[in-house]
>>> print(open('input-v4.cif').read())   # mmCIF, C-alpha atoms
data_coords
loop_
_atom_site.group_PDB
_atom_site.id
_atom_site.type_symbol
_atom_site.label_atom_id
_atom_site.label_comp_id
_atom_site.auth_asym_id
_atom_site.auth_seq_id
_atom_site.Cartn_x
_atom_site.Cartn_y
_atom_site.Cartn_z
ATOM 1 C CA MET F 1 133.329 -130.835 10.138
ATOM 2 C CA PHE F 2 136.523 -132.351 11.535
ATOM 3 C CA HIS F 3 137.322 -129.987 14.412
ATOM 4 C CA CYS F 4 135.376 -128.704 17.416
ATOM 5 C CA PRO F 5 134.455 -125.078 16.571
ATOM 6 C CA LEU F 6 135.030 -123.943 20.177
ATOM 7 C CA THR F 7 138.364 -125.634 20.920
ATOM 8 C CA ASP F 8 139.777 -126.455 17.453
ATOM 9 C CA ILE F 9 140.490 -129.953 18.800
ATOM 10 C CA ARG F 10 140.136 -132.638 16.130
ATOM 11 C CA PHE F 11 137.016 -134.776 16.665
ATOM 12 C CA GLN F 12 138.471 -138.027 15.273
ATOM 13 C CA ASP F 13 136.299 -140.799 16.754
ATOM 14 C CA GLN F 14 135.803 -139.112 20.126
ATOM 15 C CA ALA F 15 132.610 -137.137 19.438
ATOM 16 C CA GLN F 16 128.952 -138.129 19.332
ATOM 17 C CA PHE F 17 126.717 -136.213 16.959
ATOM 18 C CA PHE F 18 122.974 -135.816 17.496
ATOM 19 C CA THR F 19 122.230 -133.325 14.736
ATOM 20 C CA ASP F 20 119.022 -133.842 12.805
ATOM 21 C CA VAL F 21 119.106 -132.649 9.180
ATOM 22 C CA ASN F 22 115.805 -130.893 9.850
ATOM 23 C CA SER F 23 117.047 -129.186 13.010
ATOM 24 C CA PRO F 24 118.472 -125.625 13.029
ATOM 25 C CA VAL F 25 120.907 -126.693 15.774
ATOM 26 C CA PHE F 26 124.294 -128.449 15.559
ATOM 27 C CA HIS F 27 124.319 -130.803 18.569
ATOM 28 C CA TYR F 28 127.263 -132.924 19.719
ATOM 29 C CA ARG F 29 128.965 -134.362 22.802
ATOM 30 C CA PHE F 30 132.752 -134.101 23.052
ATOM 31 C CA HIS F 31 134.722 -134.834 26.234
ATOM 32 C CA PRO F 32 136.836 -131.633 26.299
ATOM 33 C CA ILE F 33 133.704 -129.453 26.493
ATOM 34 C CA GLY F 34 130.781 -131.788 27.218
ATOM 35 C CA GLU F 35 127.473 -131.467 25.367
ATOM 36 C CA VAL F 36 127.177 -128.531 22.991
ATOM 37 C CA LYS F 37 124.320 -127.047 20.982
ATOM 38 C CA ILE F 38 125.026 -124.314 18.427
ATOM 39 C CA THR F 39 122.486 -122.764 16.088
ATOM 40 C CA LEU F 40 123.463 -123.099 12.433
ATOM 41 C CA GLN F 41 123.421 -119.317 12.128
ATOM 42 C CA ALA F 42 125.951 -119.015 14.968
ATOM 43 C CA LEU F 43 128.031 -121.895 13.605
ATOM 44 C CA ALA F 44 128.428 -120.101 10.277
ATOM 45 C CA VAL F 45 130.318 -117.221 11.905
ATOM 46 C CA LEU F 46 131.807 -118.932 14.956
ATOM 47 C CA ARG F 47 135.140 -119.813 13.370
ATOM 48 C CA ASN F 48 135.704 -116.169 12.454
ATOM 49 C CA LEU F 49 135.430 -115.048 16.069
ATOM 50 C CA PRO F 50 138.571 -114.263 18.114
ATOM 51 C CA THR F 51 140.168 -117.343 19.686
ATOM 52 C CA ASP F 52 139.841 -116.036 23.253
ATOM 53 C CA LEU F 53 136.069 -115.552 22.799
ATOM 54 C CA ARG F 54 135.603 -119.104 21.521
ATOM 55 C CA ARG F 55 137.668 -120.406 24.438
ATOM 56 C CA LYS F 56 135.387 -118.580 26.871
ATOM 57 C CA LEU F 57 132.433 -120.414 25.345
ATOM 58 C CA ALA F 58 134.405 -123.662 25.625
ATOM 59 C CA GLY F 59 135.149 -122.961 29.283
ATOM 60 C CA ILE F 60 131.514 -122.272 30.086
ATOM 61 C CA SER F 61 130.440 -125.489 28.342
ATOM 62 C CA ARG F 62 133.070 -127.653 30.063
ATOM 63 C CA ASN F 63 132.337 -126.296 33.524
ATOM 64 C CA LYS F 64 128.594 -126.779 33.068
ATOM 65 C CA TYR F 65 129.340 -130.342 31.989
ATOM 66 C CA GLU F 66 131.532 -130.952 35.056
ATOM 67 C CA SER F 67 128.879 -129.607 37.445
ATOM 68 C CA GLY F 68 126.164 -131.726 35.836
ATOM 69 C CA GLU F 69 124.319 -128.644 34.649
ATOM 70 C CA LYS F 70 122.407 -128.557 31.369
ATOM 71 C CA ASN F 71 124.193 -126.440 28.784
ATOM 72 C CA PHE F 72 122.689 -123.487 26.950
ATOM 73 C CA VAL F 73 122.241 -123.168 23.179
ATOM 74 C CA ILE F 74 124.968 -120.988 21.658
ATOM 75 C CA GLU F 75 123.376 -118.338 19.471
ATOM 76 C CA SER F 76 124.778 -115.378 17.580
ATOM 77 C CA THR F 77 123.519 -113.128 20.399
ATOM 78 C CA THR F 78 125.531 -115.074 23.005
ATOM 79 C CA TRP F 79 128.804 -113.301 22.294
ATOM 80 C CA LYS F 80 127.138 -110.040 21.230
ATOM 81 C CA ASN F 81 125.999 -109.694 24.838
ATOM 82 C CA ASP F 82 129.630 -110.134 25.991
ATOM 83 C CA LEU F 83 128.642 -113.234 27.967
ATOM 84 C CA LYS F 84 127.470 -110.959 30.782
ATOM 85 C CA GLU F 85 125.377 -113.702 32.377
ATOM 86 C CA PHE F 86 128.430 -115.860 33.018
ATOM 87 C CA SER F 87 131.246 -115.428 35.487
ATOM 88 C CA ILE F 88 134.532 -115.913 33.648
ATOM 89 C CA PRO F 89 137.869 -115.988 35.532
ATOM 90 C CA ALA F 90 139.848 -112.846 34.884
ATOM 91 C CA ASP F 91 143.215 -113.675 36.446
ATOM 92 C CA LEU F 92 145.553 -116.524 37.361
ATOM 93 C CA GLU F 93 144.267 -116.835 40.925
ATOM 94 C CA GLU F 94 140.680 -117.445 39.782
ATOM 95 C CA LYS F 95 141.861 -120.027 37.236
ATOM 96 C CA GLN F 96 143.913 -121.759 39.924
ATOM 97 C CA LEU F 97 140.848 -122.006 42.150
ATOM 98 C CA LEU F 98 138.791 -123.458 39.288
ATOM 99 C CA LEU F 99 141.390 -126.169 38.742
ATOM 100 C CA LEU F 100 141.722 -126.898 42.474
ATOM 101 C CA ASN F 101 137.957 -127.365 42.748
ATOM 102 C CA HIS F 102 137.988 -129.619 39.680
ATOM 103 C CA ILE F 103 140.702 -131.783 41.231
ATOM 104 C CA ASN F 104 138.822 -131.903 44.532
ATOM 105 C CA ARG F 105 135.594 -132.916 42.788
ATOM 106 C CA LYS F 106 137.201 -135.591 40.600
ATOM 107 C CA SER F 107 139.265 -137.002 43.459
ATOM 108 C CA GLU F 108 136.042 -137.326 45.484
ATOM 109 C CA GLY F 109 137.310 -135.360 48.439
ATOM 110 C CA ASN F 110 140.933 -136.484 47.940
ATOM 111 C CA THR F 111 140.120 -140.186 48.324
ATOM 112 C CA LYS F 112 141.639 -141.037 44.944
ATOM 113 C CA ARG F 113 144.270 -139.642 42.616
ATOM 114 C CA ILE F 114 143.324 -138.267 39.236
ATOM 115 C CA PHE F 115 144.670 -137.931 35.688
ATOM 116 C CA ILE F 116 144.874 -134.762 33.587
ATOM 117 C CA GLN F 117 145.764 -134.313 29.915
ATOM 118 C CA ASN F 118 146.417 -130.748 28.813
ATOM 119 C CA ASN F 119 144.974 -130.938 25.268
ATOM 120 C CA ILE F 120 141.663 -132.288 26.650
ATOM 121 C CA ASP F 121 141.364 -130.474 29.969
ATOM 122 C CA TYR F 122 142.515 -126.921 29.200
ATOM 123 C CA PRO F 123 138.916 -125.604 28.805
ATOM 124 C CA ILE F 124 138.374 -126.258 32.546
ATOM 125 C CA THR F 125 140.360 -123.126 33.389
ATOM 126 C CA PHE F 126 139.113 -121.078 30.405
ATOM 127 C CA SER F 127 142.682 -121.241 29.070
ATOM 128 C CA VAL F 128 143.314 -120.170 25.482
ATOM 129 C CA ASN F 129 145.561 -123.170 24.834
ATOM 130 C CA GLU F 130 147.491 -126.043 26.409
ATOM 131 C CA ALA F 131 150.453 -123.815 27.285
ATOM 132 C CA GLU F 132 148.320 -121.492 29.422
ATOM 133 C CA PHE F 133 146.693 -124.487 31.113
ATOM 134 C CA ASP F 134 150.132 -125.964 31.884
ATOM 135 C CA HIS F 135 151.083 -122.640 33.479
ATOM 136 C CA VAL F 136 148.006 -122.765 35.745
ATOM 137 C CA LEU F 137 148.672 -126.410 36.639
ATOM 138 C CA ASP F 138 152.380 -125.868 37.340
ATOM 139 C CA SER F 139 151.698 -122.741 39.388
ATOM 140 C CA ILE F 140 149.444 -124.535 41.889
ATOM 141 C CA LYS F 141 152.085 -127.260 42.268
ATOM 142 C CA GLU F 142 154.827 -124.668 42.798
ATOM 143 C CA GLU F 143 152.674 -123.085 45.505
ATOM 144 C CA GLY F 144 152.415 -126.484 47.223
ATOM 145 C CA LEU F 145 148.660 -126.838 46.670
ATOM 146 C CA ILE F 146 148.850 -130.139 44.724
ATOM 147 C CA ASP F 147 151.279 -132.957 44.148
ATOM 148 C CA TRP F 148 151.513 -135.677 41.486
ATOM 149 C CA ASP F 149 153.318 -138.897 40.630
ATOM 150 C CA HIS F 150 154.370 -138.366 37.012
ATOM 151 C CA SER F 151 154.309 -135.672 34.324
ATOM 152 C CA ARG F 152 155.114 -136.741 30.756
ATOM 153 C CA ILE F 153 155.361 -134.922 27.425
ATOM 154 C CA LEU F 154 154.098 -137.046 24.540
ATOM 155 C CA ARG F 155 154.284 -136.578 20.796
ATOM 156 C CA GLY F 156 152.803 -133.343 19.546
ATOM 157 C CA GLY F 157 153.328 -131.552 22.865
ATOM 158 C CA ILE F 158 150.543 -133.463 24.617
ATOM 159 C CA ARG F 159 151.197 -133.573 28.356
ATOM 160 C CA THR F 160 149.784 -136.142 30.743
ATOM 161 C CA VAL F 161 149.943 -135.807 34.507
ATOM 162 C CA THR F 162 149.057 -138.804 36.689
ATOM 163 C CA GLY F 163 148.466 -139.351 40.382
ATOM 164 C CA ILE F 164 147.331 -135.803 41.101
ATOM 165 C CA ARG F 165 146.070 -135.072 44.618
ATOM 166 C CA LEU F 166 145.512 -132.049 46.807
ATOM 167 C CA THR F 167 147.992 -131.269 49.557
ATOM 168 C CA LYS F 168 146.957 -130.077 52.998
ATOM 169 C CA ALA F 169 147.557 -126.512 51.798
ATOM 170 C CA GLY F 170 145.399 -127.156 48.719
ATOM 171 C CA ARG F 171 142.528 -128.441 50.836
ATOM 172 C CA GLY F 172 142.894 -125.370 53.002
ATOM 173 C CA GLU F 173 142.703 -123.106 49.941
ATOM 174 C CA ILE F 174 139.426 -124.739 48.891
ATOM 175 C CA LYS F 175 138.077 -124.442 52.419
ATOM 176 C CA LYS F 176 138.882 -120.717 52.390
ATOM 177 C CA SER F 177 136.772 -120.310 49.256
ATOM 178 C CA MET F 178 133.739 -121.816 50.975
ATOM 179 C CA PRO F 179 131.171 -119.423 52.459
ATOM 180 C CA GLN F 180 132.552 -117.765 55.583
ATOM 181 C CA SER F 181 129.421 -117.054 57.568
ATOM 182 C CA PRO F 182 127.319 -118.470 60.407
ATOM 183 C CA MET F 183 125.591 -120.530 57.697
ATOM 184 C CA THR F 184 128.770 -122.531 56.966
ATOM 185 C CA SER F 185 127.669 -125.484 59.127
ATOM 186 C CA LEU F 186 124.316 -125.497 57.334
ATOM 187 C CA VAL F 187 126.098 -125.834 53.986
ATOM 188 C CA THR F 188 128.643 -128.448 55.058
ATOM 189 C CA GLN F 189 126.261 -130.730 56.958
ATOM 190 C CA GLN F 190 124.982 -133.874 55.245
ATOM 191 C CA ILE F 191 121.189 -133.737 55.021
ATOM 192 C CA THR F 192 119.757 -137.251 54.948
ATOM 193 C CA THR F 193 116.062 -137.426 54.103
ATOM 194 C CA GLY F 194 115.842 -141.196 53.675
ATOM 195 C CA ASN F 195 115.444 -140.782 49.922
ATOM 196 C CA VAL F 196 118.758 -141.101 48.066
ATOM 197 C CA LYS F 197 117.528 -139.216 44.999
ATOM 198 C CA ILE F 198 116.380 -136.256 47.088
ATOM 199 C CA ASP F 199 119.661 -136.236 49.007
ATOM 200 C CA GLU F 200 121.535 -136.145 45.686
ATOM 201 C CA LYS F 201 119.431 -133.189 44.539
ATOM 202 C CA ILE F 202 120.274 -131.284 47.725
ATOM 203 C CA GLU F 203 123.999 -131.922 47.250
ATOM 204 C CA GLN F 204 123.726 -130.958 43.581
ATOM 205 C CA ALA F 205 122.027 -127.687 44.583
ATOM 206 C CA LYS F 206 124.902 -126.872 46.946
ATOM 207 C CA LYS F 207 127.494 -127.632 44.265
ATOM 208 C CA LEU F 208 125.699 -125.377 41.790
ATOM 209 C CA PHE F 209 125.278 -122.533 44.259
ATOM 210 C CA PHE F 210 128.896 -122.528 45.419
ATOM 211 C CA VAL F 211 130.616 -123.365 42.128
ATOM 212 C CA ILE F 212 133.792 -121.348 41.555
ATOM 213 C CA PRO F 213 133.768 -118.783 40.018
ATOM 214 C CA GLU F 214 130.316 -117.846 41.290
ATOM 215 C CA ASN F 215 127.706 -116.557 38.870
ATOM 216 C CA MET F 216 124.049 -115.635 39.066
ATOM 217 C CA GLU F 217 122.888 -118.388 36.714
ATOM 218 C CA ASN F 218 124.420 -121.207 38.772
ATOM 219 C CA MET F 219 123.170 -119.656 42.012
ATOM 220 C CA ARG F 220 119.664 -119.366 40.563
ATOM 221 C CA ASN F 221 119.791 -123.019 39.419
ATOM 222 C CA GLY F 222 120.841 -124.057 42.928
ATOM 223 C CA CYS F 223 117.800 -122.264 44.369
ATOM 224 C CA GLU F 224 115.540 -123.795 41.745
ATOM 225 C CA THR F 225 116.768 -127.305 42.592
ATOM 226 C CA LEU F 226 115.917 -126.765 46.272
ATOM 227 C CA CYS F 227 112.472 -125.481 45.240
ATOM 228 C CA PHE F 228 111.879 -128.759 43.421
ATOM 229 C CA VAL F 229 112.880 -130.627 46.590
ATOM 230 C CA LEU F 230 110.529 -128.609 48.816
ATOM 231 C CA GLU F 231 107.447 -128.408 46.609
ATOM 232 C CA PRO F 232 106.306 -132.048 47.103
ATOM 233 C CA LEU F 233 106.823 -131.622 50.866
ATOM 234 C CA ARG F 234 104.482 -128.645 51.137
ATOM 235 C CA LYS F 235 101.664 -130.509 52.923
ATOM 236 C CA ASP F 236 104.078 -132.474 55.082
ATOM 237 C CA LEU F 237 105.715 -129.240 56.270
ATOM 238 C CA GLN F 238 102.427 -128.249 57.887
ATOM 239 C CA GLN F 239 103.020 -130.960 60.519
ATOM 240 C CA PHE F 240 105.876 -128.876 61.909
ATOM 241 C CA PHE F 241 105.085 -125.310 60.854
ATOM 242 C CA SER F 242 101.817 -123.395 60.913
ATOM 243 C CA ASN F 243 99.783 -123.280 57.713
ATOM 244 C CA PRO F 244 100.097 -119.475 57.392
ATOM 245 C CA ASP F 245 103.892 -119.719 57.775
ATOM 246 C CA VAL F 246 104.180 -122.436 55.115
ATOM 247 C CA ASN F 247 101.945 -120.494 52.737
ATOM 248 C CA ALA F 248 103.857 -117.285 53.378
ATOM 249 C CA PHE F 249 107.154 -119.040 52.721
ATOM 250 C CA PHE F 250 106.069 -120.402 49.336
ATOM 251 C CA GLN F 251 104.537 -117.030 48.462
ATOM 252 C CA ILE F 252 107.929 -115.390 48.991
ATOM 253 C CA VAL F 253 109.640 -117.981 46.792
ATOM 254 C CA ASN F 254 107.027 -117.652 44.057
ATOM 255 C CA ASP F 255 107.188 -113.855 44.124
ATOM 256 C CA PHE F 256 110.769 -113.965 42.888
ATOM 257 C CA ASP F 257 111.796 -115.055 39.398
ATOM 258 C CA ILE F 258 113.268 -118.425 40.446
ATOM 259 C CA ARG F 259 110.727 -120.784 38.911
ATOM 260 C CA HIS F 260 108.009 -118.557 37.491
ATOM 261 C CA ASN F 261 108.173 -116.199 34.556
ATOM 262 C CA LYS F 262 105.105 -114.119 35.306
ATOM 263 C CA PRO F 263 104.682 -110.330 35.164
ATOM 264 C CA HIS F 264 104.266 -110.014 38.939
ATOM 265 C CA THR F 265 107.522 -111.789 39.838
ATOM 266 C CA LYS F 266 110.369 -109.701 41.255
ATOM 267 C CA GLN F 267 113.730 -109.909 39.517
ATOM 268 C CA LEU F 268 116.748 -111.171 41.417
ATOM 269 C CA ILE F 269 119.647 -109.030 40.248
ATOM 270 C CA HIS F 270 121.975 -109.212 43.252
ATOM 271 C CA LYS F 271 123.742 -112.310 44.572
ATOM 272 C CA GLU F 272 122.749 -111.311 48.099
ATOM 273 C CA GLN F 273 119.089 -111.812 47.161
ATOM 274 C CA LEU F 274 119.852 -115.318 45.929
ATOM 275 C CA GLU F 275 121.861 -116.044 49.097
ATOM 276 C CA TRP F 276 118.832 -115.116 51.197
ATOM 277 C CA ILE F 277 116.561 -117.397 49.141
ATOM 278 C CA PHE F 278 119.058 -120.279 49.056
ATOM 279 C CA TYR F 279 119.801 -120.303 52.782
ATOM 280 C CA SER F 280 116.096 -119.995 53.570
ATOM 281 C CA LEU F 281 115.266 -122.992 51.383
ATOM 282 C CA LEU F 282 118.167 -125.089 52.658
ATOM 283 C CA ASN F 283 117.490 -124.245 56.298
ATOM 284 C CA THR F 284 113.794 -125.121 55.897
ATOM 285 C CA ILE F 285 114.716 -128.537 54.466
ATOM 286 C CA SER F 286 117.282 -129.118 57.220
ATOM 287 C CA ILE F 287 114.880 -128.216 60.058
ATOM 288 C CA TYR F 288 112.077 -130.261 58.478
ATOM 289 C CA VAL F 289 114.303 -133.372 58.336
ATOM 290 C CA LYS F 290 115.521 -132.886 61.915
ATOM 291 C CA LEU F 291 112.014 -132.428 63.311
ATOM 292 C CA LYS F 292 110.666 -135.377 61.336
ATOM 293 C CA ASN F 293 113.468 -137.642 62.593
ATOM 294 C CA LYS F 294 112.909 -136.411 66.147
ATOM 295 C CA LEU F 295 109.199 -137.180 65.922
ATOM 296 C CA HIS F 296 109.807 -140.667 64.554
ATOM 297 C CA THR F 297 112.330 -141.562 67.278
ATOM 298 C CA LYS F 298 109.907 -140.854 70.099
#
>>> encode(input="input-v4.cif", output="structure tokens")
Amino acid sequence: MFHCPLTDIRFQDQAQFFTDVNSPVFHYRFHPIGEVKITLQALAVLRNLPTDLRRKLAGISRNKYESGEKNFVIESTTWKNDLKEFSIPADLEEKQLLLLNHINRKSEGNTKRIFIQNNIDYPITFSVNEAEFDHVLDSIKEEGLIDWDHSRILRGGIRTVTGIRLTKAGRGEIKKSMPQSPMTSLVTQQITTGNVKIDEKIEQAKKLFFVIPENMENMRNGCETLCFVLEPLRKDLQQFFSNPDVNAFFQIVNDFDIRHNKPHTKQLIHKEQLEWIFYSLLNTISIYVKLKNKLHTK
């Protein structure tokens, strides 16, 4: 196989293959879409699928890769279910916001300028091809949301854009997409536990939960990450909260299908349910850290 089945981009020497001859899964890592696993049954029919459907799969894979989230295995049932579990941008405005958030993430809060190449980066916006991606990129520049140093067209229609950064208006557009609620300060505050790895997990949970466009799977993964942070602190929490309250809190979490796949768990089918769980988990961690620091400074 010489081309990526999701993007049709030629592999050349840019892909790593992990496929075992005894495995029923084709497994590779390729920068335009990250790490991909496709069952051999799905691979056999994938190239016959409509281009826009394969590009949706490419967009999902690339965005999971960018957010540091583990990718799913593409099976023949994945597209038969119309990708209902995933939130896919439907219009130009949603694709613009995806690209703005990508630029913000890669520029580390606008502290450095970034590089984009259309034939590698078009899956970020779920674009069908480089031309559609260029349209999204040019449109956010025309609206004054980004600026750049140079844009060049190379052989074969490949376009490179260097020195990209968000403008003040672009940063404002991203800020508008953040949660507008009394919980905003809870989300934007830096929680420092004294353990760098735990702090990174908390930040990763927030990125997953508020990734644009939002979807239930990412929100659920954000909640799950915070559960993993809180679980080892269960006994320590009892220093600051009553035992019945701590037990009741974990009972609520366990009653929903965040971490446990048991018959008694309640399904979370509305984003509002996940918001309630997420903010409860995050607020508990935040208050725990504040009270612990207060106690230690006395």
>>> resolve_selection(input="input-v4.cif", expression="the PyMOL selection byres ((chain F and resi 158) around 9)", output="PDB file with C-alpha atoms, keeping the file's coordinate frame")
ATOM      1  CA  GLN F 117     145.764-134.313  29.915  1.00  0.00           C
ATOM      2  CA  ASN F 118     146.417-130.748  28.813  1.00  0.00           C
ATOM      3  CA  ASN F 119     144.974-130.938  25.268  1.00  0.00           C
ATOM      4  CA  GLU F 130     147.491-126.043  26.409  1.00  0.00           C
ATOM      5  CA  ARG F 152     155.114-136.741  30.756  1.00  0.00           C
ATOM      6  CA  ILE F 153     155.361-134.922  27.425  1.00  0.00           C
ATOM      7  CA  LEU F 154     154.098-137.046  24.540  1.00  0.00           C
ATOM      8  CA  ARG F 155     154.284-136.578  20.796  1.00  0.00           C
ATOM      9  CA  GLY F 156     152.803-133.343  19.546  1.00  0.00           C
ATOM     10  CA  GLY F 157     153.328-131.552  22.865  1.00  0.00           C
ATOM     11  CA  ARG F 159     151.197-133.573  28.356  1.00  0.00           C
ATOM     12  CA  THR F 160     149.784-136.142  30.743  1.00  0.00           C
TER      13      THR F 160
END
>>> resolve_selection(input="input-v4.cif", expression="the PyMOL selection byres ((chain F and resi 83) around 12)", output="list of chain:residue names")
F:Leu53, F:Arg54, F:Lys56, F:Leu57, F:Gly59, F:Ile60, F:Phe72, F:Ile74, F:Glu75, F:Ser76, F:Thr77, F:Thr78, F:Trp79, F:Lys80, F:Asn81, F:Asp82, F:Lys84, F:Glu85, F:Phe86, F:Ser87, F:Ile88, F:Asn215, F:Glu217
>>> resolve_selection(input="input-v4.cif", expression="the PyMOL selection byres ((chain F and resi 198-210) around 8)", output="PyMOL selection string")
chain F and resi 67+69+178+187+191-197+211-212+214+218-223+225-226+229
>>> residues_around(input="input-v4.cif", residues="Asp147 (chain F)", least_positions_apart="6", cutoff="12 Å", atoms="all atoms listed in the file", output="list in words")
Leu100, Ile103, Asn110, Arg113, Ile114, Phe115, Leu137, Asp138, Ser139, Ile140, Lys141, Val161, Thr162, Gly163, Ile164, Arg165, Leu166, Thr167, Lys168, Ala169, Gly170 and Arg171 of chain F
>>> atom_distance(input="input-v4.cif", atom1="CA of Pro32 (chain F)", atom2="CA of Ile120 (chain F)")
4.9 Å
>>> residues_around(input="input-v4.cif", residues="region 123-127 of chain F", least_positions_apart="2", cutoff="7 Å", atoms="all atoms listed in the file", output="list in words")
Pro32, Ile33, Arg55, Lys56, Ala58, Gly59, Arg62, Asn63, Lys95, Leu98, Leu99, Asp121, Asn129, Glu132 and Phe133 of chain F
>>> residues_around(input="input-v4.cif", residues="region 13-16 of chain F", least_positions_apart="2", cutoff="10 Å", atoms="all atoms listed in the file", output="list in words")
Phe2, His3, Cys4, Arg10, Phe11, Phe18, Thr19, His27, Tyr28, Arg29, Phe30, His31, Pro32, Gly34 and Glu35 of chain F
>>> residues_around(input="input-v4.cif", residues="Leu281 (chain F)", least_positions_apart="2", cutoff="9 Å", atoms="all atoms listed in the file", output="list in words")
Cys223, Leu226, Cys227, Leu230, Val253, Trp276, Ile277, Phe278, Tyr279, Asn283, Thr284, Ile285 and Ser286 of chain F
>>> atom_distance(input="input-v4.cif", atom1="CA of Asp8 (chain F)", atom2="CA of Thr51 (chain F)")
9.4 Å
>>> atom_distance(input="input-v4.cif", atom1="CA of Pro232 (chain F)", atom2="CA of Asn293 (chain F)")
18.0 Å
>>> decode(input="input-v4.cif", residues="region 41-52 of chain F", atoms="N, CA, C and O atoms", output="short mmCIF file (atom, residue, chain, number, x, y, z; two decimals), in the first residue's frame")
data_model
loop_
_atom_site.label_atom_id
_atom_site.label_comp_id
_atom_site.auth_asym_id
_atom_site.auth_seq_id
_atom_site.Cartn_x
_atom_site.Cartn_y
_atom_site.Cartn_z
N GLN F 41 -10.99 -6.11 7.39
CA GLN F 41 -12.30 -6.17 6.74
C GLN F 41 -12.74 -4.78 6.28
O GLN F 41 -13.25 -4.60 5.17
N ALA F 42 -12.52 -3.77 7.15
CA ALA F 42 -12.87 -2.40 6.79
C ALA F 42 -11.95 -1.87 5.70
O ALA F 42 -12.38 -1.16 4.79
N LEU F 43 -10.67 -2.22 5.78
CA LEU F 43 -9.69 -1.75 4.81
C LEU F 43 -10.03 -2.22 3.40
O LEU F 43 -9.81 -1.50 2.43
N ALA F 44 -10.60 -3.41 3.31
CA ALA F 44 -10.92 -4.00 2.00
C ALA F 44 -11.96 -3.18 1.24
O ALA F 44 -11.98 -3.20 0.00
N VAL F 45 -12.83 -2.47 1.97
CA VAL F 45 -13.89 -1.71 1.30
C VAL F 45 -13.72 -0.20 1.45
O VAL F 45 -14.48 0.56 0.84
N LEU F 46 -12.73 0.21 2.23
CA LEU F 46 -12.57 1.63 2.55
C LEU F 46 -12.37 2.49 1.31
O LEU F 46 -12.96 3.57 1.19
N ARG F 47 -11.55 2.03 0.39
CA ARG F 47 -11.25 2.84 -0.79
C ARG F 47 -12.46 3.03 -1.72
O ARG F 47 -12.45 3.91 -2.57
N ASN F 48 -13.46 2.20 -1.55
CA ASN F 48 -14.66 2.33 -2.37
C ASN F 48 -15.70 3.26 -1.76
O ASN F 48 -16.75 3.50 -2.36
N LEU F 49 -15.41 3.75 -0.56
CA LEU F 49 -16.34 4.67 0.10
C LEU F 49 -16.23 6.06 -0.51
O LEU F 49 -15.20 6.44 -1.07
N PRO F 50 -17.29 6.88 -0.40
CA PRO F 50 -17.22 8.26 -0.90
C PRO F 50 -16.08 9.03 -0.25
O PRO F 50 -15.77 8.83 0.93
N THR F 51 -15.47 9.93 -1.01
CA THR F 51 -14.33 10.70 -0.53
C THR F 51 -14.67 11.48 0.73
O THR F 51 -13.89 11.52 1.69
N ASP F 52 -15.85 12.12 0.77
CA ASP F 52 -16.18 12.96 1.92
C ASP F 52 -16.29 12.13 3.20
O ASP F 52 -15.96 12.60 4.29
#
